[in-house]
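File shown: structure_23.cif. Contents: mmCIF, C-alpha atoms.
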```cif
data_query
loop_
_atom_site.group_PDB
_atom_site.id
_atom_site.type_symbol
_atom_site.label_atom_id
_atom_site.label_comp_id
_atom_site.auth_asym_id
_atom_site.auth_seq_id
_atom_site.Cartn_x
_atom_site.Cartn_y
_atom_site.Cartn_z
ATOM 1 C CA ALA T 4 64.528 164.827 109.401
ATOM 2 C CA SER T 5 66.304 163.111 112.275
ATOM 3 C CA VAL T 6 66.166 159.783 114.087
ATOM 4 C CA PRO T 7 63.396 159.921 116.753
ATOM 5 C CA ARG T 8 64.387 159.646 120.422
ATOM 6 C CA ALA T 9 62.104 156.638 120.837
ATOM 7 C CA VAL T 10 64.654 154.522 118.995
ATOM 8 C CA PHE T 11 67.154 154.962 121.817
ATOM 9 C CA THR T 12 64.730 154.144 124.606
ATOM 10 C CA ALA T 13 64.685 150.598 123.187
ATOM 11 C CA ALA T 14 68.475 150.426 122.913
ATOM 12 C CA ALA T 15 68.818 147.326 125.098
ATOM 13 C CA THR T 16 66.421 145.182 123.073
ATOM 14 C CA LEU T 17 66.426 146.624 119.547
ATOM 15 C CA ARG T 18 67.593 144.077 116.974
ATOM 16 C CA VAL T 19 66.409 145.590 113.663
ATOM 17 C CA LEU T 20 66.316 149.259 112.705
ATOM 18 C CA ARG T 21 65.000 150.364 109.320
ATOM 19 C CA LEU T 22 65.149 154.065 108.520
ATOM 20 C CA ASP T 23 64.205 153.737 104.853
ATOM 21 C CA HIS T 24 62.423 156.535 102.956
ATOM 22 C CA ASN T 25 62.706 159.159 105.696
ATOM 23 C CA ALA T 26 64.654 162.034 104.103
ATOM 24 C CA LEU T 27 67.392 161.781 106.726
ATOM 25 C CA THR T 28 70.350 164.116 106.359
ATOM 26 C CA GLU T 29 72.571 162.616 109.055
ATOM 27 C CA LEU T 30 72.825 159.764 111.503
ATOM 28 C CA PRO T 31 73.580 160.501 115.168
ATOM 29 C CA ALA T 32 76.587 159.086 117.002
ATOM 30 C CA GLN T 33 74.064 157.728 119.520
ATOM 31 C CA LEU T 34 73.375 154.836 117.151
ATOM 32 C CA GLY T 35 76.522 153.265 118.545
ATOM 33 C CA GLU T 36 74.597 152.675 121.773
ATOM 34 C CA LEU T 37 72.367 150.085 120.091
ATOM 35 C CA ARG T 38 74.747 147.313 121.099
ATOM 36 C CA ASN T 39 72.344 144.467 120.285
ATOM 37 C CA LEU T 40 71.467 145.743 116.808
ATOM 38 C CA GLU T 41 71.767 143.042 114.144
ATOM 39 C CA GLU T 42 70.261 144.729 111.082
ATOM 40 C CA PHE T 43 70.345 148.339 109.944
ATOM 41 C CA SER T 44 69.051 149.929 106.753
ATOM 42 C CA ALA T 45 68.552 153.458 105.472
ATOM 43 C CA ASP T 46 67.411 152.849 101.910
ATOM 44 C CA ALA T 47 65.562 154.444 99.057
ATOM 45 C CA GLN T 48 64.716 153.140 95.622
ATOM 46 C CA PRO T 49 66.981 154.252 92.748
ATOM 47 C CA GLY T 50 65.509 157.405 91.266
ATOM 48 C CA GLU T 51 63.468 158.245 94.346
ATOM 49 C CA THR T 52 63.881 161.877 95.346
ATOM 50 C CA THR T 53 61.059 162.997 97.645
ATOM 51 C CA LEU T 54 61.911 160.775 100.604
ATOM 52 C CA CYS T 55 65.449 159.831 99.709
ATOM 53 C CA ASN T 56 67.925 159.861 102.582
ATOM 54 C CA ALA T 57 71.000 162.041 102.086
ATOM 55 C CA ILE T 58 73.567 160.710 104.542
ATOM 56 C CA PRO T 59 77.135 161.789 103.706
ATOM 57 C CA ALA T 60 78.763 159.382 106.178
ATOM 58 C CA LEU T 61 78.032 156.730 108.770
ATOM 59 C CA PRO T 62 79.166 157.829 112.241
ATOM 60 C CA GLU T 63 82.380 156.397 113.636
ATOM 61 C CA SER T 64 80.290 154.946 116.470
ATOM 62 C CA PHE T 65 78.922 152.328 114.052
ATOM 63 C CA GLY T 66 82.078 150.430 114.866
ATOM 64 C CA GLN T 67 80.615 149.756 118.327
ATOM 65 C CA LEU T 68 77.827 147.627 116.834
ATOM 66 C CA THR T 69 79.684 144.357 117.272
ATOM 67 C CA LYS T 70 76.533 142.254 116.746
ATOM 68 C CA LEU T 71 75.566 143.922 113.468
ATOM 69 C CA LYS T 72 75.080 141.333 110.729
ATOM 70 C CA LYS T 73 73.434 143.304 107.931
ATOM 71 C CA LEU T 74 74.200 146.877 106.918
ATOM 72 C CA ARG T 75 72.318 148.313 103.973
ATOM 73 C CA VAL T 76 72.496 151.976 102.964
ATOM 74 C CA CYS T 77 71.585 152.373 99.292
ATOM 75 C CA ASN T 78 70.688 155.414 97.204
ATOM 76 C CA ALA T 79 71.494 157.664 100.160
ATOM 77 C CA ARG T 80 74.267 159.878 98.716
ATOM 78 C CA LEU T 81 76.724 158.181 101.060
ATOM 79 C CA MET T 82 80.227 159.536 100.473
ATOM 80 C CA ARG T 83 82.287 157.758 103.114
ATOM 81 C CA LEU T 84 82.505 154.595 105.181
ATOM 82 C CA HIS T 85 84.517 155.059 108.365
ATOM 83 C CA SER T 86 87.452 152.769 109.050
ATOM 84 C CA SER T 87 85.706 151.722 112.281
ATOM 85 C CA ILE T 88 83.620 149.354 110.145
ATOM 86 C CA GLY T 89 86.472 146.926 110.688
ATOM 87 C CA ASN T 90 85.173 146.469 114.243
ATOM 88 C CA ASN T 91 81.825 145.082 113.031
ATOM 89 C CA GLN T 92 83.135 141.560 113.334
ATOM 90 C CA ALA T 93 79.698 139.911 112.996
ATOM 91 C CA LEU T 94 78.939 141.651 109.677
ATOM 92 C CA GLU T 95 77.733 139.278 106.972
ATOM 93 C CA VAL T 96 76.128 141.651 104.461
ATOM 94 C CA LEU T 97 77.490 145.049 103.403
ATOM 95 C CA TRP T 98 75.248 146.657 100.786
ATOM 96 C CA VAL T 99 76.047 150.259 99.854
ATOM 97 C CA SER T 100 75.143 150.537 96.167
ATOM 98 C CA ASN T 101 73.932 153.658 94.328
ATOM 99 C CA ASN T 102 75.886 156.130 96.419
ATOM 100 C CA LEU T 103 78.784 158.582 96.038
ATOM 101 C CA LEU T 104 81.584 156.489 97.537
ATOM 102 C CA THR T 105 84.980 157.107 95.966
ATOM 103 C CA THR T 106 86.865 154.435 97.916
ATOM 104 C CA LEU T 107 86.410 151.777 100.592
ATOM 105 C CA PRO T 108 88.205 151.530 103.944
ATOM 106 C CA PRO T 109 90.952 148.869 103.969
ATOM 107 C CA THR T 110 89.575 147.675 107.326
ATOM 108 C CA ILE T 111 86.783 145.854 105.481
ATOM 109 C CA ALA T 112 89.431 143.181 104.997
ATOM 110 C CA LEU T 113 89.127 142.406 108.738
ATOM 111 C CA LEU T 114 85.526 141.228 108.424
ATOM 112 C CA SER T 115 85.931 137.470 108.335
ATOM 113 C CA LYS T 116 82.205 136.653 108.389
ATOM 114 C CA LEU T 117 81.292 138.559 105.237
ATOM 115 C CA GLU T 118 79.090 136.674 102.786
ATOM 116 C CA THR T 119 77.884 139.486 100.528
ATOM 117 C CA VAL T 120 79.445 142.823 99.569
ATOM 118 C CA ILE T 121 77.675 145.075 97.072
ATOM 119 C CA VAL T 122 79.307 148.392 96.198
ATOM 120 C CA SER T 123 77.978 148.792 92.656
ATOM 121 C CA ASP T 124 76.973 152.133 91.141
ATOM 122 C CA ASN T 125 79.321 154.380 93.079
ATOM 123 C CA LEU T 126 82.313 156.570 92.131
ATOM 124 C CA ILE T 127 85.018 154.155 93.255
ATOM 125 C CA ALA T 128 88.206 154.620 91.250
ATOM 126 C CA GLU T 129 90.467 152.550 93.459
ATOM 127 C CA LEU T 130 89.918 149.504 95.635
ATOM 128 C CA PRO T 131 92.340 149.099 98.556
ATOM 129 C CA HIS T 132 94.608 146.158 97.796
ATOM 130 C CA GLU T 133 94.038 144.894 101.357
ATOM 131 C CA LEU T 134 90.650 143.621 100.183
ATOM 132 C CA SER T 135 92.445 140.840 98.346
ATOM 133 C CA SER T 136 92.895 139.055 101.686
ATOM 134 C CA LEU T 137 89.113 138.591 101.943
ATOM 135 C CA LYS T 138 89.424 135.603 99.660
ATOM 136 C CA ASN T 139 91.292 133.823 102.447
ATOM 137 C CA THR T 140 89.863 135.400 105.615
ATOM 138 C CA ALA T 141 86.171 135.566 104.670
ATOM 139 C CA LYS T 142 85.600 131.901 103.924
ATOM 140 C CA ARG T 143 81.866 132.383 103.333
ATOM 141 C CA LEU T 144 82.189 135.275 100.902
ATOM 142 C CA GLU T 145 80.083 134.376 97.864
ATOM 143 C CA LYS T 146 79.259 137.734 96.313
ATOM 144 C CA PHE T 147 81.356 140.850 95.774
ATOM 145 C CA GLU T 148 79.634 143.157 93.294
ATOM 146 C CA TYR T 149 81.369 146.306 92.064
ATOM 147 C CA VAL T 150 79.911 147.069 88.623
ATOM 148 C CA ASN T 151 79.396 150.616 87.358
ATOM 149 C CA ASN T 152 82.362 152.171 89.126
ATOM 150 C CA PRO T 153 85.125 154.118 87.299
ATOM 151 C CA LEU T 154 87.841 151.718 88.448
ATOM 152 C CA ALA T 155 91.452 152.562 87.650
ATOM 153 C CA TYR T 156 92.878 150.110 90.188
ATOM 154 C CA PRO T 157 92.563 147.299 89.599
ATOM 155 C CA PRO T 158 92.509 147.889 85.811
ATOM 156 C CA ARG T 159 89.188 147.300 84.097
ATOM 157 C CA SER T 160 90.659 144.340 82.194
ATOM 158 C CA VAL T 161 91.388 142.647 85.530
ATOM 159 C CA ALA T 162 88.111 143.664 87.181
ATOM 160 C CA GLU T 163 86.154 142.089 84.340
ATOM 161 C CA ASP T 164 87.521 138.659 85.281
ATOM 162 C CA GLY T 165 85.384 138.497 88.427
ATOM 163 C CA TRP T 166 86.181 139.228 92.053
ATOM 164 C CA ARG T 167 88.080 136.021 92.835
ATOM 165 C CA LEU T 168 90.607 136.469 90.030
ATOM 166 C CA MET T 169 90.671 140.197 90.680
ATOM 167 C CA PHE T 170 91.655 139.611 94.319
ATOM 168 C CA ASP T 171 94.396 137.194 93.198
ATOM 169 C CA TRP T 172 95.817 139.886 90.932
ATOM 170 C CA MET T 173 95.571 142.589 93.617
ATOM 171 C CA ALA T 174 97.443 140.395 96.102
ATOM 172 C CA VAL T 175 100.580 140.557 93.951
ATOM 173 C CA HIS T 176 100.071 144.038 92.483
ATOM 174 C CA PRO T 177 99.728 146.563 95.327
ATOM 175 C CA ASN T 178 98.180 149.789 94.107
ATOM 176 C CA GLU T 179 100.729 152.445 93.196
ATOM 177 C CA PRO T 180 100.428 155.626 91.109
ATOM 178 C CA PRO T 181 101.136 154.917 87.423
ATOM 179 C CA PRO T 182 104.815 155.570 86.528
ATOM 180 C CA THR T 183 103.897 158.349 84.107
ATOM 181 C CA ILE T 184 102.088 160.258 86.847
ATOM 182 C CA GLN T 185 105.001 159.796 89.254
ATOM 183 C CA SER T 186 107.577 161.075 86.742
ATOM 184 C CA ASP T 187 105.419 164.022 85.688
ATOM 185 C CA LEU T 188 104.879 165.006 89.315
ATOM 186 C CA SER T 189 108.607 164.764 90.108
ATOM 187 C CA SER T 190 109.388 166.922 87.110
ATOM 188 C CA LEU T 191 106.823 169.508 88.138
ATOM 189 C CA LEU T 192 108.197 169.749 91.668
ATOM 190 C CA THR T 193 111.791 170.045 90.425
ATOM 191 C CA GLU T 194 111.007 172.763 87.927
ATOM 192 C CA ASN T 195 109.023 174.876 90.377
ATOM 193 C CA SER T 196 111.071 174.139 93.523
ATOM 194 C CA PHE T 197 108.083 173.799 95.848
ATOM 195 C CA HIS T 198 106.120 170.937 97.338
ATOM 196 C CA ASP T 199 102.673 172.476 97.756
ATOM 197 C CA VAL T 200 100.770 170.080 95.506
ATOM 198 C CA VAL T 201 98.126 169.781 97.347
ATOM 199 C CA VAL T 202 62.120 148.183 113.783
ATOM 200 C CA ALA T 203 61.080 150.085 110.736
ATOM 201 C CA VAL T 204 60.802 153.708 111.664
ATOM 202 C CA GLY T 205 58.769 156.252 109.717
ATOM 203 C CA PHE T 206 58.324 159.838 110.773
ATOM 204 C CA ARG T 207 57.114 161.814 107.829
#
```

In structure tokens, write the structure found in this file.
Amino acid sequence: ASVPRAVFTAAATLRVLRLDHNALTELPAQLGELRNLEEFSADAQPGETTLCNAIPALPESFGQLTKLKKLRVCNARLMRLHSSIGNNQALEVLWVSNNLLTTLPPTIALLSKLETVIVSDNLIAELPHELSSLKNTAKRLEKFEYVNNPLAYPPRSVAEDGWRLMFDWMAVHPNEPPPTIQSDLSSLLTENSFHDVVVAVGFR
């Protein structure tokens, strides 16, 4: 399934676009033309399979949606958020739970109007330490949910203290590979003498 052309004929006036439960497999770059868009969603309920969207990434052009306030893409097999999200300066709600994200772009730290961030139930092993600045830049941030991710950085013992204390810790502990991994890798390279480690819309 794909986004119908009719969506783009209303580009000048469209404020809300909901593409939930439509079995989408990609989002077109044209969505960046919806310059007045304030809310976007492409959701499915957890466990839903028949009409579940399968969107591996949001297009880079999403960064052109400077009036976007709410972005919700849940249970959509999303694997990547583009760094251009840092241009969505009006964004208040970022909700991308139940996906396949393994990391988050550091540019999220530029979003000073954020109030809610929900990235639970993904595959995130490492949070960019730049996010720690959100505690100071996003004055209205009240919720940052990240449960059910295989976090290695920050350590689980830190993450369990809640996002405010976690951000404090991250601010003074930039993420670096554990010393044991660094030494093992150096040894491996030395021994082998090489460096090749490589508007609701429905259209069913």

Problem - Matched chain/residue IDs from the PyMOL selection byres ((chain T and resi 147-151) around 6), as JSON, numbers by chain - result: {"T": [120, 121, 122, 123, 124, 146, 152]}

Picked residues, the PyMOL selection byres ((chain T and resi 35-37) around 9), expected as a tab-separated table (two decimals) with C-alpha atoms, keeping the file's coordinate frame:
```tsv
chain	number	residue	atom	x	y	z
T	10	VAL	CA	64.65	154.52	119.00
T	11	PHE	CA	67.15	154.96	121.82
T	13	ALA	CA	64.68	150.60	123.19
T	14	ALA	CA	68.47	150.43	122.91
T	15	ALA	CA	68.82	147.33	125.10
T	16	THR	CA	66.42	145.18	123.07
T	17	LEU	CA	66.43	146.62	119.55
T	18	ARG	CA	67.59	144.08	116.97
T	31	PRO	CA	73.58	160.50	115.17
T	32	ALA	CA	76.59	159.09	117.00
T	33	GLN	CA	74.06	157.73	119.52
T	34	LEU	CA	73.38	154.84	117.15
T	38	ARG	CA	74.75	147.31	121.10
T	39	ASN	CA	72.34	144.47	120.28
T	40	LEU	CA	71.47	145.74	116.81
T	62	PRO	CA	79.17	157.83	112.24
T	63	GLU	CA	82.38	156.40	113.64
T	64	SER	CA	80.29	154.95	116.47
T	65	PHE	CA	78.92	152.33	114.05
T	66	GLY	CA	82.08	150.43	114.87
T	67	GLN	CA	80.61	149.76	118.33
T	68	LEU	CA	77.83	147.63	116.83
```

Problem - Answer key for the PyMOL selection byres ((chain T and resi 109) around 10), residues as a list of chain:residue names - result: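 Residues picked by the PyMOL selection byres ((chain T and resi 109) around 10): T:His85, T:Ser86, T:Ile88, T:Gly89, T:Thr106, T:Leu107, T:Pro108, T:Thr110, T:Ile111, T:Ala112, T:Leu113, T:Leu130, T:Pro131, T:His132, T:Glu133, T:Leu134, T:Ser135.
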
Practice task
Would you kindly return, as a ChimeraX atom specification, each protein, DNA or RNA residue with an atom no farther than 9 Å from any atom of Leu114 in chain T, considering only C-alpha atoms and excluding same-chain residues fewer than 3 positions away?
Solution key: /T:88-95,110-111,117,137,140-141

Problem - Nearby residues (all atoms listed in the file) at most 10 Å from Leu104 in chain T, same-chain spacing under 5 positions excluded, as a ChimeraX atom specification - result: /T:59-60,80-84,99,122-128,152
